[in-house]
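Student: The structure under discussion is supplied below as structure tokens; questions concerning it will follow.
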Amino acid sequence: MSVDAAQTRRRLEPDVRRGQILACAVRLFGERPYAEVSTTDIARAAGVARGLINHYFGTKKDLYLEVIRVMLTIPEVAVQGLPAGDLRTRVDASVSWFLDVVSRHSTSWLAAATAAGTGRDVDVERVLAEAEDTAAEYVLIAVGLAEVAEHREELRGMIRAYVGMATATAKEWLNRDALTRAQVHLLLATTLLAIVEQVIPTVVTPGR
């Protein structure tokens, strides 16, 4: 192995170990309540020393908050990967991406999405609020409203409300089995289109 390759491997190893810990924490916190998961359980599942959890994440609570953040925060790459099409095409692709993610990690996503219901915790509420704000900004970008500055906070509020609806609707599908994926997709795509095409113009158009 060359010197450069060895140095690259050493740089990658911490990221790999951190990723292993986080992946195992996502799975375990999804399967069991917070109080029933220990850092020893996570370290054993990840095949690392328990001290590495403290090294990379801090406390168990810090790791739990990171799990919630990862499960609920829309990554920038998701927006960058949307097709360059008309509004309906981009809305359809955005909803498909969301449903793919929540179904692929359904247990862990549901646990993160319902974290606020386990009792008032200001740190959890802060992470959830940050995730909602990020989602609102990225949805505005996805629907072509990234550069609209007028009434920005009102637009963000509308989209945050939509994000809350999307979360509740996904729960109806994944947790209660009350809706099919196709029904969820139709509901979310149609609602977002209505917000963008019918509601938002009444806010940002002067004189209306």
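Chain labels run A, B, ... following the order of the structure tokens; each chain numbers its residues from 1, and ligands are numbered from 1 in the order shown.
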For Val101 (chain A), please output as an MDAnalysis selection string all residues within 12 Å (counting only C-alpha atoms; exclusion window: fewer than 6 positions along the same chain).
Tutor: chainID A and resid 70:75 78 94:95 107:110 170 174
Student: Restricting it to C-alpha atoms, dump the selection as an mmCIF file, in the first residue's frame.
Tutor:
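Generated output (again.cif):
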```cif
data_model
loop_
_atom_site.group_PDB
_atom_site.id
_atom_site.type_symbol
_atom_site.label_atom_id
_atom_site.label_comp_id
_atom_site.auth_asym_id
_atom_site.auth_seq_id
_atom_site.Cartn_x
_atom_site.Cartn_y
_atom_site.Cartn_z
ATOM 1 C CA VAL A 70 -30.436 12.373 10.530
ATOM 2 C CA MET A 71 -33.807 10.650 10.195
ATOM 3 C CA LEU A 72 -35.886 13.822 9.843
ATOM 4 C CA THR A 73 -33.640 16.389 8.157
ATOM 5 C CA ILE A 74 -33.871 16.526 4.374
ATOM 6 C CA PRO A 75 -30.335 16.442 2.924
ATOM 7 C CA ALA A 78 -32.187 15.333 -2.250
ATOM 8 C CA SER A 94 -40.213 15.327 -4.175
ATOM 9 C CA VAL A 95 -43.118 13.342 -2.763
ATOM 10 C CA THR A 107 -39.369 1.889 12.109
ATOM 11 C CA SER A 108 -36.591 4.362 12.791
ATOM 12 C CA TRP A 109 -38.364 7.222 11.014
ATOM 13 C CA LEU A 110 -41.557 6.677 13.011
ATOM 14 C CA ALA A 170 -47.029 9.163 6.447
ATOM 15 C CA LEU A 174 -46.896 3.327 7.952
#
```
Student: Out of region 43-202 of chain A, which residues get helix (DSSP H, G or I) from DSSP, as a PyMOL selection string?
Tutor: chain A and resi 43-46+50-57+60-72+76-80+87-104+106-113+115-118+122-142+152-174+181-202
Student: Tell me which protein, DNA and RNA residues are within 12 Å of region 16-30 of chain A, counting only C-alpha atoms, leaving out same-chain ones fewer than 3 positions away, and put them as JSON, numbers by chain.
Tutor: {"A": [9, 10, 11, 12, 13, 33, 34, 35, 36, 37, 38, 39, 40, 41, 42, 43, 44, 45, 46, 47, 48, 49, 50, 51, 52, 53, 54, 55, 56, 57, 58, 60, 61, 62, 63, 64, 65, 66, 67, 68, 69, 70, 71, 72, 104, 105, 106, 107, 108, 109, 110, 111, 112, 113, 114, 115]}
Student: Name the residues in contact with Trp97 (chain A) at a cut-off of 10 Å, using only C-alpha atoms, excluding same-chain residues fewer than 4 positions from it; report them as a ChimeraX atom specification.
Tutor: /A:78-79,81-82,91-93,101-102
Student: Export, as a CSV table (one decimal), in the first residue's frame, the selected residues with C-alpha atoms.
Tutor:
```
chain,number,residue,atom,x,y,z
A,78,ALA,CA,-32.2,15.3,-2.3
A,79,VAL,CA,-33.1,18.8,-3.7
A,81,GLY,CA,-31.2,15.4,-7.4
A,82,LEU,CA,-34.7,16.6,-8.4
A,91,VAL,CA,-43.6,18.0,-6.8
A,92,ASP,CA,-44.1,14.4,-7.9
A,93,ALA,CA,-40.4,13.6,-7.6
A,101,VAL,CA,-37.1,7.4,2.6
A,102,VAL,CA,-39.8,6.9,5.2
```
Student: Residues at most 9 Å from region 147-157 of chain A, counting only C-alpha atoms, excluding those fewer than 6 positions away in the same chain, as a list in words?
Tutor: Asp133, Ala136, Glu137, Leu140, Ile141, Ile200, Val203 and Val204 of chain A
Student: Could you please take those selected residues and save N, CA, C and O atoms as a tab-separated table (two decimals), in the first residue's frame?
Tutor:
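Printed below is part.tsv as written:
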```tsv
chain	number	residue	atom	x	y	z
A	133	ASP	N	-37.69	23.52	9.73
A	133	ASP	CA	-37.22	24.72	9.04
A	133	ASP	C	-36.43	24.34	7.79
A	133	ASP	O	-36.58	24.97	6.73
A	136	ALA	N	-38.78	23.13	5.14
A	136	ALA	CA	-39.53	24.25	4.55
A	136	ALA	C	-38.69	24.95	3.49
A	136	ALA	O	-39.16	25.26	2.39
A	137	GLU	N	-37.43	25.21	3.81
A	137	GLU	CA	-36.56	25.90	2.85
A	137	GLU	C	-36.34	25.05	1.60
A	137	GLU	O	-36.38	25.56	0.47
A	140	LEU	N	-39.45	24.95	-0.61
A	140	LEU	CA	-39.57	26.20	-1.35
A	140	LEU	C	-38.62	26.22	-2.54
A	140	LEU	O	-38.96	26.71	-3.63
A	141	ILE	N	-37.42	25.68	-2.35
A	141	ILE	CA	-36.48	25.58	-3.47
A	141	ILE	C	-37.02	24.63	-4.53
A	141	ILE	O	-37.00	24.93	-5.73
A	200	ILE	N	-50.33	30.45	-2.25
A	200	ILE	CA	-49.18	31.35	-2.19
A	200	ILE	C	-49.35	32.58	-3.08
A	200	ILE	O	-48.99	33.70	-2.65
A	203	VAL	N	-50.74	35.57	-1.43
A	203	VAL	CA	-49.89	36.21	-0.42
A	203	VAL	C	-48.82	37.08	-1.07
A	203	VAL	O	-48.58	38.21	-0.64
A	204	VAL	N	-48.18	36.57	-2.12
A	204	VAL	CA	-47.04	37.28	-2.69
A	204	VAL	C	-47.41	38.19	-3.83
A	204	VAL	O	-46.59	38.98	-4.29
```
Student: Hey, can you check how far CA of Leu145 (chain A) sits from CA of Glu76 (chain A)?
Tutor: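 Between CA of Leu145 (chain A) and CA of Glu76 (chain A) the gap is 15.8 Å.
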Student: From the options A:Ile159, A:Ala135, A:Val124, A:Val143, which residue's atoms come nearest to Leu87 (chain A), counting only C-alpha atoms?
Tutor: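 Among the listed residues, A:Val143 lies closest to Leu87 (chain A).
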Student: I need the residue nearest Gln183 (chain A) from this list: A:Glu125, A:Gln80, A:Leu99, A:Gly85. Use only C-alpha atoms for the distance.
Tutor: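 Residue with the minimum atom-to-atom distance to Gln183 (chain A): A:Leu99.
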Student: Could you work out how far CA of Phe98 (chain A) lies from CA of His185 (chain A), giving the answer in Å with one decimal?
Tutor: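 That distance, rounded to one decimal, is 9.5 Å.
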Student: Rounded to one decimal place, report the CA of Asp100 (chain A)-CA of Ala146 (chain A) distance in Å.
Tutor: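 According to the coordinates, CA of Asp100 (chain A) and CA of Ala146 (chain A) are separated by 24.2 Å.
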